[in-house]
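So this block is entry.cif, mmCIF, C-alpha atoms and all ligand atoms:
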```
data_coords
#
loop_
_atom_site.label_atom_id
_atom_site.label_comp_id
_atom_site.auth_asym_id
_atom_site.auth_seq_id
_atom_site.Cartn_x
_atom_site.Cartn_y
_atom_site.Cartn_z
CA MET A 1 11.50 -3.80 27.02
CA VAL A 2 13.52 -3.27 23.85
CA ALA A 3 11.58 -3.79 20.62
CA LYS A 4 12.49 -6.13 17.80
CA ILE A 5 13.16 -3.93 14.80
CA ILE A 6 11.25 -5.38 11.88
CA ASP A 7 13.25 -5.52 8.65
CA GLY A 8 10.76 -4.68 5.90
CA LYS A 9 13.36 -5.46 3.23
CA GLU A 10 13.67 -9.02 4.51
CA VAL A 11 9.89 -9.58 4.44
CA ALA A 12 9.73 -7.95 0.99
CA ALA A 13 12.51 -10.21 -0.35
CA LYS A 14 10.53 -13.30 0.72
CA VAL A 15 7.33 -12.12 -0.98
CA ARG A 16 9.27 -11.10 -4.10
CA GLU A 17 10.89 -14.54 -4.33
CA ASP A 18 7.44 -16.12 -4.23
CA CYS A 19 6.32 -13.69 -6.98
CA ARG A 20 9.39 -14.55 -9.08
CA GLN A 21 8.44 -18.24 -8.98
CA ARG A 22 4.84 -17.45 -9.92
CA VAL A 23 6.08 -15.29 -12.83
CA GLU A 24 8.12 -18.27 -14.02
CA ALA A 25 5.08 -20.54 -13.79
CA LEU A 26 3.09 -18.03 -15.87
CA GLY A 27 5.71 -18.45 -18.60
CA ALA A 28 4.17 -21.89 -19.33
CA PHE A 29 1.00 -20.01 -20.36
CA GLY A 30 2.99 -17.70 -22.64
CA THR A 31 2.22 -14.82 -20.25
CA ARG A 32 4.48 -12.33 -18.55
CA PRO A 33 2.66 -10.05 -16.09
CA GLY A 34 2.47 -6.47 -17.37
CA LEU A 35 1.92 -3.31 -15.32
CA ALA A 36 1.07 0.10 -16.78
CA VAL A 37 1.75 3.10 -14.55
CA ILE A 38 0.24 6.49 -15.37
CA ILE A 39 1.65 9.66 -13.84
CA VAL A 40 0.37 13.18 -14.54
CA GLY A 41 2.41 16.23 -13.57
CA ASP A 42 5.77 16.45 -11.88
CA ASN A 43 5.22 15.88 -8.17
CA PRO A 44 8.80 14.96 -7.10
CA ALA A 45 7.71 12.29 -4.55
CA SER A 46 5.38 10.67 -7.11
CA LYS A 47 8.22 10.55 -9.66
CA VAL A 48 10.44 8.71 -7.15
CA TYR A 49 7.63 6.26 -6.24
CA VAL A 50 6.90 5.53 -9.91
CA ALA A 51 10.59 4.96 -10.73
CA ASN A 52 10.84 2.57 -7.73
CA LYS A 53 7.76 0.66 -8.89
CA ALA A 54 9.13 0.22 -12.42
CA LYS A 55 12.54 -0.91 -11.12
CA ALA A 56 11.05 -3.43 -8.68
CA CYS A 57 8.82 -4.86 -11.42
CA SER A 58 11.74 -5.54 -13.75
CA GLU A 59 13.74 -7.17 -10.91
CA VAL A 60 10.98 -9.75 -10.47
CA GLY A 61 10.51 -10.33 -14.22
CA LEU A 62 7.40 -8.25 -14.85
CA ASN A 63 6.99 -5.94 -17.82
CA SER A 64 6.24 -2.40 -16.80
CA LYS A 65 5.55 0.71 -18.81
CA VAL A 66 5.36 4.22 -17.41
CA HIS A 67 3.07 6.69 -19.20
CA ALA A 68 4.10 10.17 -18.04
CA PHE A 69 1.94 13.18 -18.93
CA PRO A 70 2.56 16.89 -18.30
CA ALA A 71 0.30 18.54 -15.67
CA GLU A 72 -1.67 20.46 -18.36
CA THR A 73 -2.87 17.23 -20.03
CA GLU A 74 -6.65 17.03 -20.53
CA GLU A 75 -8.31 14.43 -18.32
CA ALA A 76 -9.99 12.99 -21.45
CA GLU A 77 -6.59 12.00 -22.86
CA VAL A 78 -5.79 9.99 -19.71
CA LEU A 79 -9.25 8.39 -19.80
CA ARG A 80 -8.62 7.35 -23.43
CA LEU A 81 -5.29 5.75 -22.47
CA ILE A 82 -6.92 3.84 -19.60
CA ASP A 83 -9.56 2.55 -22.02
CA THR A 84 -6.84 1.36 -24.43
CA LEU A 85 -4.93 -0.34 -21.59
CA ASN A 86 -8.14 -1.99 -20.34
CA HIS A 87 -8.30 -3.79 -23.70
CA ASP A 88 -4.57 -4.57 -24.01
CA PRO A 89 -4.01 -8.30 -23.27
CA SER A 90 -0.32 -7.72 -22.43
CA ILE A 91 -1.30 -5.41 -19.54
CA HIS A 92 -2.68 -7.08 -16.40
CA GLY A 93 -2.41 -4.20 -13.96
CA ILE A 94 -3.07 -0.45 -14.32
CA LEU A 95 -2.03 2.07 -11.68
CA VAL A 96 -2.70 5.80 -11.78
CA GLN A 97 -0.29 7.51 -9.40
CA LEU A 98 -1.97 9.88 -6.95
CA PRO A 99 -2.24 12.79 -6.42
CA LEU A 100 -3.63 13.89 -9.79
CA PRO A 101 -3.84 17.57 -10.88
CA PRO A 102 -6.53 19.40 -8.86
CA ASN A 103 -8.86 19.87 -11.86
CA TYR A 104 -9.09 16.09 -12.42
CA ASN A 105 -12.06 14.02 -11.30
CA VAL A 106 -10.14 11.36 -9.37
CA ARG A 107 -13.13 9.06 -8.89
CA ARG A 108 -13.92 9.13 -12.64
CA ILE A 109 -10.29 8.19 -13.41
CA LEU A 110 -10.22 5.34 -10.86
CA GLU A 111 -13.65 4.00 -11.90
CA THR A 112 -12.51 3.88 -15.56
CA ILE A 113 -9.80 1.33 -14.72
CA SER A 114 -11.07 -2.21 -15.38
CA ARG A 115 -11.79 -3.77 -12.00
CA ASP A 116 -9.82 -6.85 -13.15
CA LYS A 117 -6.71 -4.69 -13.66
CA ASP A 118 -7.14 -2.47 -10.58
CA VAL A 119 -3.96 -3.59 -8.80
CA ASP A 120 -4.09 -0.58 -6.45
CA GLY A 121 -7.50 -1.74 -5.22
CA PHE A 122 -8.93 1.79 -5.45
CA HIS A 123 -11.90 1.08 -7.81
CA LEU A 124 -15.19 1.25 -5.89
CA TYR A 125 -15.86 -2.42 -6.76
CA ASN A 126 -12.64 -3.45 -5.06
CA VAL A 127 -13.24 -1.10 -2.13
CA GLY A 128 -16.65 -2.76 -1.71
CA ALA A 129 -15.12 -6.25 -2.03
CA LEU A 130 -12.70 -5.36 0.77
CA ALA A 131 -15.56 -4.04 2.93
CA VAL A 132 -17.47 -7.35 2.67
CA GLY A 133 -14.36 -9.48 3.17
CA SER A 134 -13.96 -10.77 -0.44
CA SER A 135 -10.98 -8.71 -1.43
CA ILE A 136 -9.30 -9.43 -4.77
CA PHE A 137 -6.73 -6.63 -4.91
CA PRO A 138 -6.13 -5.30 -1.37
CA PRO A 139 -4.58 -1.78 -1.39
CA CYS A 140 -0.81 -2.22 -1.37
CA THR A 141 0.32 -0.37 1.78
CA PRO A 142 -2.14 -1.95 4.25
CA TYR A 143 -1.66 -5.28 2.47
CA GLY A 144 2.08 -4.90 3.16
CA VAL A 145 1.39 -4.18 6.84
CA SER A 146 -0.76 -7.33 7.04
CA LYS A 147 2.09 -9.38 5.52
CA ILE A 148 4.55 -7.93 8.05
CA LEU A 149 2.26 -8.91 10.96
CA GLU A 150 1.88 -12.39 9.47
CA HIS A 151 5.63 -12.79 8.93
CA GLU A 152 6.37 -11.73 12.52
CA HIS A 153 3.65 -14.09 13.87
CA ILE A 154 1.93 -11.17 15.56
CA GLU A 155 -1.51 -12.40 16.58
CA VAL A 156 -4.33 -10.19 15.26
CA ALA A 157 -7.53 -12.00 16.26
CA GLY A 158 -8.97 -10.61 19.49
CA GLN A 159 -6.29 -7.91 19.77
CA ASN A 160 -6.93 -4.20 20.24
CA VAL A 161 -5.72 -2.45 17.09
CA VAL A 162 -5.59 1.32 16.84
CA VAL A 163 -5.10 2.83 13.38
CA VAL A 164 -4.05 6.49 13.42
CA GLY A 165 -5.04 8.06 10.08
CA ALA A 166 -8.28 7.56 8.15
CA SER A 167 -7.16 7.96 4.52
CA ASN A 168 -8.68 5.95 1.67
CA ILE A 169 -5.19 4.70 0.73
CA VAL A 170 -4.03 3.44 4.15
CA GLY A 171 -6.14 4.00 7.28
CA LYS A 172 -9.61 2.90 6.15
CA PRO A 173 -8.54 -0.23 4.20
CA MET A 174 -6.12 -1.14 7.01
CA ALA A 175 -8.96 -1.04 9.54
CA LEU A 176 -11.19 -3.19 7.29
CA MET A 177 -8.44 -5.78 6.74
CA LEU A 178 -7.70 -6.13 10.45
CA MET A 179 -11.39 -6.24 11.35
CA GLN A 180 -11.74 -9.08 8.83
CA LYS A 181 -9.05 -10.87 10.85
CA ASP A 182 -11.13 -10.48 14.02
CA ALA A 183 -9.24 -7.61 15.65
CA THR A 184 -11.08 -4.97 17.67
CA VAL A 185 -10.31 -1.89 15.60
CA CYS A 186 -10.40 1.80 16.46
CA ILE A 187 -9.64 4.47 13.85
CA CYS A 188 -8.25 7.82 15.03
CA HIS A 189 -7.71 10.85 12.80
CA ALA A 190 -6.73 14.51 12.76
CA LYS A 191 -9.82 15.56 14.74
CA THR A 192 -9.52 12.87 17.44
CA ARG A 193 -9.45 14.49 20.88
CA ASP A 194 -6.76 13.18 23.23
CA LEU A 195 -5.18 10.67 20.87
CA ALA A 196 -3.23 9.05 23.72
CA GLN A 197 -6.36 7.74 25.47
CA PHE A 198 -6.88 5.49 22.42
CA THR A 199 -3.28 4.63 21.45
CA ILE A 200 -2.44 3.48 25.00
CA LEU A 201 -5.00 0.66 24.62
CA ALA A 202 -3.45 -0.71 21.42
CA ASP A 203 -1.83 -4.14 21.29
CA ILE A 204 -1.06 -3.25 17.67
CA LEU A 205 -0.65 0.42 16.74
CA VAL A 206 -0.59 1.36 13.05
CA VAL A 207 0.30 4.98 12.41
CA ALA A 208 -0.31 6.65 9.04
CA ALA A 209 -0.86 10.30 9.85
CA GLY A 210 2.05 12.03 8.10
CA ARG A 211 3.23 13.89 11.23
CA PRO A 212 6.75 13.39 12.60
CA ASN A 213 6.94 12.52 16.31
CA LEU A 214 3.16 12.22 16.64
CA ILE A 215 3.52 9.04 18.71
CA LEU A 216 5.59 9.41 21.89
CA PRO A 217 6.55 6.60 24.31
CA GLN A 218 3.96 7.62 26.94
CA MET A 219 1.21 7.03 24.32
CA VAL A 220 2.21 3.39 23.77
CA LYS A 221 1.34 0.33 25.86
CA THR A 222 4.36 -1.69 27.01
CA GLY A 223 4.78 -4.66 24.66
CA ALA A 224 2.67 -3.22 21.80
CA ALA A 225 3.61 -3.87 18.18
CA VAL A 226 4.09 -0.49 16.49
CA ILE A 227 3.87 -0.18 12.70
CA ASP A 228 4.94 3.21 11.34
CA VAL A 229 3.55 3.98 7.88
CA GLY A 230 4.55 7.67 7.95
CA ILE A 231 7.16 9.06 5.57
CA ASN A 232 8.19 12.62 6.43
CA ARG A 233 11.11 14.65 5.09
CA LEU A 234 12.52 16.93 7.81
CA PRO A 235 13.96 20.37 6.94
CA ASN A 236 17.47 18.90 7.47
CA GLY A 237 16.75 16.29 4.78
CA ASP A 238 16.28 13.31 7.13
CA LEU A 239 13.48 10.84 6.35
CA VAL A 240 11.43 9.92 9.45
CA GLY A 241 8.13 8.25 10.26
CA ASP A 242 5.31 9.39 12.56
CA VAL A 243 6.68 7.59 15.64
CA ASP A 244 9.45 8.71 18.01
CA PHE A 245 11.49 5.66 17.05
CA ASP A 246 14.21 5.89 19.71
CA GLY A 247 11.76 6.42 22.57
CA VAL A 248 9.06 3.97 21.48
CA SER A 249 11.54 1.19 20.67
CA GLN A 250 12.34 1.08 24.42
CA LYS A 251 8.71 0.18 25.16
CA ALA A 252 7.25 -1.74 22.22
CA SER A 253 7.65 -5.47 21.47
CA HIS A 254 8.10 -4.82 17.72
CA ILE A 255 8.64 -1.65 15.70
CA THR A 256 9.10 -0.84 12.01
CA PRO A 257 11.85 1.66 11.13
CA VAL A 258 11.56 4.48 8.57
CA PRO A 259 13.03 3.99 6.07
CA GLY A 260 13.25 0.20 5.67
CA GLY A 261 9.99 -0.88 7.34
CA VAL A 262 6.65 -0.61 5.57
CA GLY A 263 8.06 1.25 2.53
CA PRO A 264 9.63 -1.77 0.78
CA MET A 265 6.39 -3.71 1.30
CA THR A 266 4.15 -1.24 -0.58
CA VAL A 267 5.87 -1.76 -3.92
CA THR A 268 6.20 -5.49 -3.22
CA MET A 269 2.46 -5.91 -2.73
CA LEU A 270 1.88 -4.04 -6.00
CA ILE A 271 3.97 -6.75 -7.68
CA GLU A 272 1.98 -9.43 -5.84
CA ASN A 273 -1.32 -7.90 -7.02
CA THR A 274 -0.05 -7.65 -10.61
CA VAL A 275 1.07 -11.30 -10.60
CA GLN A 276 -2.32 -12.22 -9.17
CA ALA A 277 -4.06 -10.22 -11.95
CA ALA A 278 -2.05 -12.15 -14.56
CA GLU A 279 -2.90 -15.48 -12.87
CA ARG A 280 -6.60 -14.56 -12.99
CA PHE A 281 -6.17 -13.55 -16.67
CA VAL A 282 -4.85 -17.00 -17.66
CA GLY A 283 -7.45 -18.68 -15.43
CA ILE A 284 -5.25 -20.23 -12.74
CA LYS A 285 -6.73 -18.11 -9.96
CA GLY A 286 -10.33 -17.14 -9.20
N1 LIG B 301 0.13 7.85 -3.88
C1 LIG B 301 0.55 7.55 -2.63
N2 LIG B 301 0.39 6.24 -2.38
C2 LIG B 301 -0.14 5.69 -3.49
C3 LIG B 301 -0.52 4.37 -3.83
O1 LIG B 301 -0.42 3.41 -3.06
N3 LIG B 301 -1.03 4.22 -5.09
C4 LIG B 301 -1.18 5.26 -5.95
N4 LIG B 301 -1.70 5.01 -7.15
N5 LIG B 301 -0.82 6.49 -5.65
C5 LIG B 301 -0.31 6.70 -4.43
#
```

What does this structure look like when you write it as structure tokens?
Amino acid sequence: MVAKIIDGKEVAAKVREDCRQRVEALGAFGTRPGLAVIIVGDNPASKVYVANKAKACSEVGLNSKVHAFPAETEEAEVLRLIDTLNHDPSIHGILVQLPLPPNYNVRRILETISRDKDVDGFHLYNVGALAVGSSIFPPCTPYGVSKILEHEHIEVAGQNVVVVGASNIVGKPMALMLMQKDATVCICHAKTRDLAQFTILADILVVAAGRPNLILPQMVKTGAAVIDVGINRLPNGDLVGDVDFDGVSQKASHITPVPGGVGPMTVTMLIENTVQAAERFVGIKG
């Protein structure tokens, strides 16, 4: 079997077009969705992600403002800015780029963001809402994976899903979202013994472990849909996922490439959540 290679840019373009129309409709309420992005320090990957987020926002007609702080900035200064943004009616979404400097209390920062502006879905209220199946702002990367599965008409209900990686940003919310859609979900992580005994059972395999070539063809069931969330920079400069793409694409039914698979969806779902926050602000969405 040779897998269909899923074009994340194509799925993203569809979602962005829908967002563009919703941004236009918000114009009738005198509102343009606004996103504030806070970045502390100079992590090179974070800087690239933040620049991509700002660019994508402007392409869809959102206002975005990046607040960049040096690594030595006191946490209190960032907390004060979040408080100001919470009360700013032109800002509908607030995102604090992670990781933060090691001396910061990440939970305190995330819990200070108004839950109505928490477009990353990282506030405990939104994490809880996701856990009970009433999500308002689903975390962007797993939300993007869900959209990809939907777009490709990949059935989730009753399927065996294995999620490799148990992070708060991807693995855990991904598992909750798919469980909500009636999948049978198994989460594997760095301490899982004999990973292959689990992955081989997966009808849908979502990999977010951050380890190149972690998933080899013999670990994948013939006909499985394989979603690669990994982004790894090799010493030679190449960008690769966590899956042996060439090998696994000879066995899977669907596979996402890296780059060009899940990546474009993460920033797109941030736009979707920000538009949704603005719609809730003007009262056209609950
Ligand atoms: N760092 C890596 N991924 C993310 C994300 O989705 N949101 C934020 N805020 N920081 C991140």

Axis-aligned box for all listed atoms of segment 204-218 of chain A, 4 Å per side, centre and edges in Å to one decimal, as JSON:
```
{"center_x": 2.9, "center_y": 5.3, "center_z": 17.5, "size_x": 16.0, "size_y": 25.1, "size_z": 26.8}
```

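In this model, the gap between atom CA of His254 of chain A and atom CA of Glu155 of chain A comes to 12.3 Å.
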
Determine, for each residue of chain A having at least one atom at most 8 Å from an atom of ligand LIG 301 (chain B), the closest pair of atoms and their separation in Å to one decimal, counting all atoms listed in the file; order by chain and ascending number, as a Markdown table.
```
| residue | atom | partner | partner_atom | distance |
| --- | --- | --- | --- | --- |
| A:Ser46 | CA | B:LIG301 | N1 | 6.8 |
| A:Leu95 | CA | B:LIG301 | N4 | 5.4 |
| A:Val96 | CA | B:LIG301 | N4 | 4.8 |
| A:Gln97 | CA | B:LIG301 | N4 | 3.6 |
| A:Leu98 | CA | B:LIG301 | N5 | 3.8 |
| A:Pro99 | CA | B:LIG301 | N1 | 6.0 |
| A:Asp120 | CA | B:LIG301 | N3 | 5.9 |
| A:Pro139 | CA | B:LIG301 | O1 | 6.9 |
| A:Cys140 | CA | B:LIG301 | O1 | 5.9 |
| A:Thr141 | CA | B:LIG301 | O1 | 6.2 |
| A:Ile169 | CA | B:LIG301 | O1 | 6.2 |
| A:Thr266 | CA | B:LIG301 | O1 | 7.0 |
```

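Each of A:Val170, A:Asp246, A:Leu216, A:Glu272 was compared to Gly230 of chain A using all atoms listed in the file, and A:Val170 turns out to be the nearest.
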
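For the choices A:Gly128, A:Pro33, A:Gly158, A:Gly263, the atom-to-atom distance to Asp228 of chain A is smallest for A:Gly263 when using only C-alpha atoms.
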
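The spacing separating atom CA of Val127 of chain A from atom CA of Glu17 of chain A amounts to 27.7 Å.
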
How close does segment 51-164 of chain A get to segment 192-211 of chain A? List, as JSON lines, each residue of segment 51-164 of chain A within 6 Å, its nearest atom pair and the distance in Å to one decimal, counting only C-alpha atoms.
```
{"residue": "A:Asn160", "atom": "CA", "partner": "A:Ala202", "partner_atom": "CA", "distance": 5.1}
{"residue": "A:Val161", "atom": "CA", "partner": "A:Ile204", "partner_atom": "CA", "distance": 4.8}
{"residue": "A:Val162", "atom": "CA", "partner": "A:Leu205", "partner_atom": "CA", "distance": 5.0}
{"residue": "A:Val163", "atom": "CA", "partner": "A:Val206", "partner_atom": "CA", "distance": 4.8}
{"residue": "A:Val164", "atom": "CA", "partner": "A:Val207", "partner_atom": "CA", "distance": 4.7}
```

For atom CA of Ser249 of chain A and atom CA of Lys4 of chain A, the interatomic separation in Å (one decimal): 7.9 Å

Residues near Val267 of chain A, cut-off 12 Å, all atoms listed in the file, skip fewer than 2 positions along chain, as a VMD selection string: chain A and resid 8 to 9 12 to 13 15 to 16 48 to 57 59 to 60 95 119 to 120 139 to 145 262 to 265 269 to 274

Segment 81-86 of chain A environment, 7 Å, all atoms listed in the file, sequence neighbours closer than 2 positions dropped, as number ranges by chain: A: 77-79, 88, 91, 112-114

Assuming the input is short of atoms at segment 119-131 of chain A, produce N, CA, C and O atoms for that part as a PDB file, in the coordinates of the input.
```
ATOM      1  N   VAL A 119      -4.914  -3.006  -9.760  1.00  0.00           N
ATOM      2  CA  VAL A 119      -3.960  -3.590  -8.800  1.00  0.00           C
ATOM      3  C   VAL A 119      -3.693  -2.699  -7.578  1.00  0.00           C
ATOM      4  O   VAL A 119      -3.092  -3.155  -6.606  1.00  0.00           O
ATOM      5  N   ASP A 120      -4.165  -1.449  -7.628  1.00  0.00           N
ATOM      6  CA  ASP A 120      -4.090  -0.580  -6.450  1.00  0.00           C
ATOM      7  C   ASP A 120      -5.263  -0.838  -5.506  1.00  0.00           C
ATOM      8  O   ASP A 120      -5.233  -0.430  -4.342  1.00  0.00           O
ATOM      9  N   GLY A 121      -6.312  -1.465  -6.037  1.00  0.00           N
ATOM     10  CA  GLY A 121      -7.500  -1.740  -5.220  1.00  0.00           C
ATOM     11  C   GLY A 121      -8.315  -0.504  -4.896  1.00  0.00           C
ATOM     12  O   GLY A 121      -9.014  -0.480  -3.886  1.00  0.00           O
ATOM     13  N   PHE A 122      -8.251   0.527  -5.746  1.00  0.00           N
ATOM     14  CA  PHE A 122      -8.930   1.790  -5.450  1.00  0.00           C
ATOM     15  C   PHE A 122     -10.285   1.931  -6.152  1.00  0.00           C
ATOM     16  O   PHE A 122     -11.032   2.863  -5.886  1.00  0.00           O
ATOM     17  N   HIS A 123     -10.597   1.042  -7.132  1.00  0.00           N
ATOM     18  CA  HIS A 123     -11.900   1.080  -7.810  1.00  0.00           C
ATOM     19  C   HIS A 123     -12.991   0.766  -6.774  1.00  0.00           C
ATOM     20  O   HIS A 123     -12.784  -0.069  -5.883  1.00  0.00           O
ATOM     21  N   LEU A 124     -14.131   1.444  -6.902  1.00  0.00           N
ATOM     22  CA  LEU A 124     -15.190   1.250  -5.890  1.00  0.00           C
ATOM     23  C   LEU A 124     -15.583  -0.216  -5.745  1.00  0.00           C
ATOM     24  O   LEU A 124     -15.940  -0.663  -4.652  1.00  0.00           O
ATOM     25  N   TYR A 125     -15.527  -0.984  -6.847  1.00  0.00           N
ATOM     26  CA  TYR A 125     -15.860  -2.420  -6.760  1.00  0.00           C
ATOM     27  C   TYR A 125     -14.918  -3.121  -5.791  1.00  0.00           C
ATOM     28  O   TYR A 125     -15.343  -3.919  -4.949  1.00  0.00           O
ATOM     29  N   ASN A 126     -13.632  -2.798  -5.924  1.00  0.00           N
ATOM     30  CA  ASN A 126     -12.640  -3.450  -5.060  1.00  0.00           C
ATOM     31  C   ASN A 126     -12.695  -2.923  -3.626  1.00  0.00           C
ATOM     32  O   ASN A 126     -12.423  -3.661  -2.683  1.00  0.00           O
ATOM     33  N   VAL A 127     -13.049  -1.649  -3.482  1.00  0.00           N
ATOM     34  CA  VAL A 127     -13.240  -1.100  -2.130  1.00  0.00           C
ATOM     35  C   VAL A 127     -14.406  -1.831  -1.463  1.00  0.00           C
ATOM     36  O   VAL A 127     -14.324  -2.244  -0.292  1.00  0.00           O
ATOM     37  N   GLY A 128     -15.487  -2.043  -2.235  1.00  0.00           N
ATOM     38  CA  GLY A 128     -16.650  -2.760  -1.710  1.00  0.00           C
ATOM     39  C   GLY A 128     -16.306  -4.209  -1.383  1.00  0.00           C
ATOM     40  O   GLY A 128     -16.728  -4.738  -0.342  1.00  0.00           O
ATOM     41  N   ALA A 129     -15.519  -4.851  -2.265  1.00  0.00           N
ATOM     42  CA  ALA A 129     -15.120  -6.250  -2.030  1.00  0.00           C
ATOM     43  C   ALA A 129     -14.337  -6.357  -0.725  1.00  0.00           C
ATOM     44  O   ALA A 129     -14.542  -7.287   0.060  1.00  0.00           O
ATOM     45  N   LEU A 130     -13.481  -5.375  -0.480  1.00  0.00           N
ATOM     46  CA  LEU A 130     -12.700  -5.360   0.770  1.00  0.00           C
ATOM     47  C   LEU A 130     -13.646  -5.202   1.972  1.00  0.00           C
ATOM     48  O   LEU A 130     -13.506  -5.884   2.981  1.00  0.00           O
ATOM     49  N   ALA A 131     -14.639  -4.319   1.812  1.00  0.00           N
ATOM     50  CA  ALA A 131     -15.560  -4.040   2.930  1.00  0.00           C
ATOM     51  C   ALA A 131     -16.356  -5.286   3.329  1.00  0.00           C
ATOM     52  O   ALA A 131     -16.667  -5.473   4.500  1.00  0.00           O
TER      53      ALA A 131
END
```
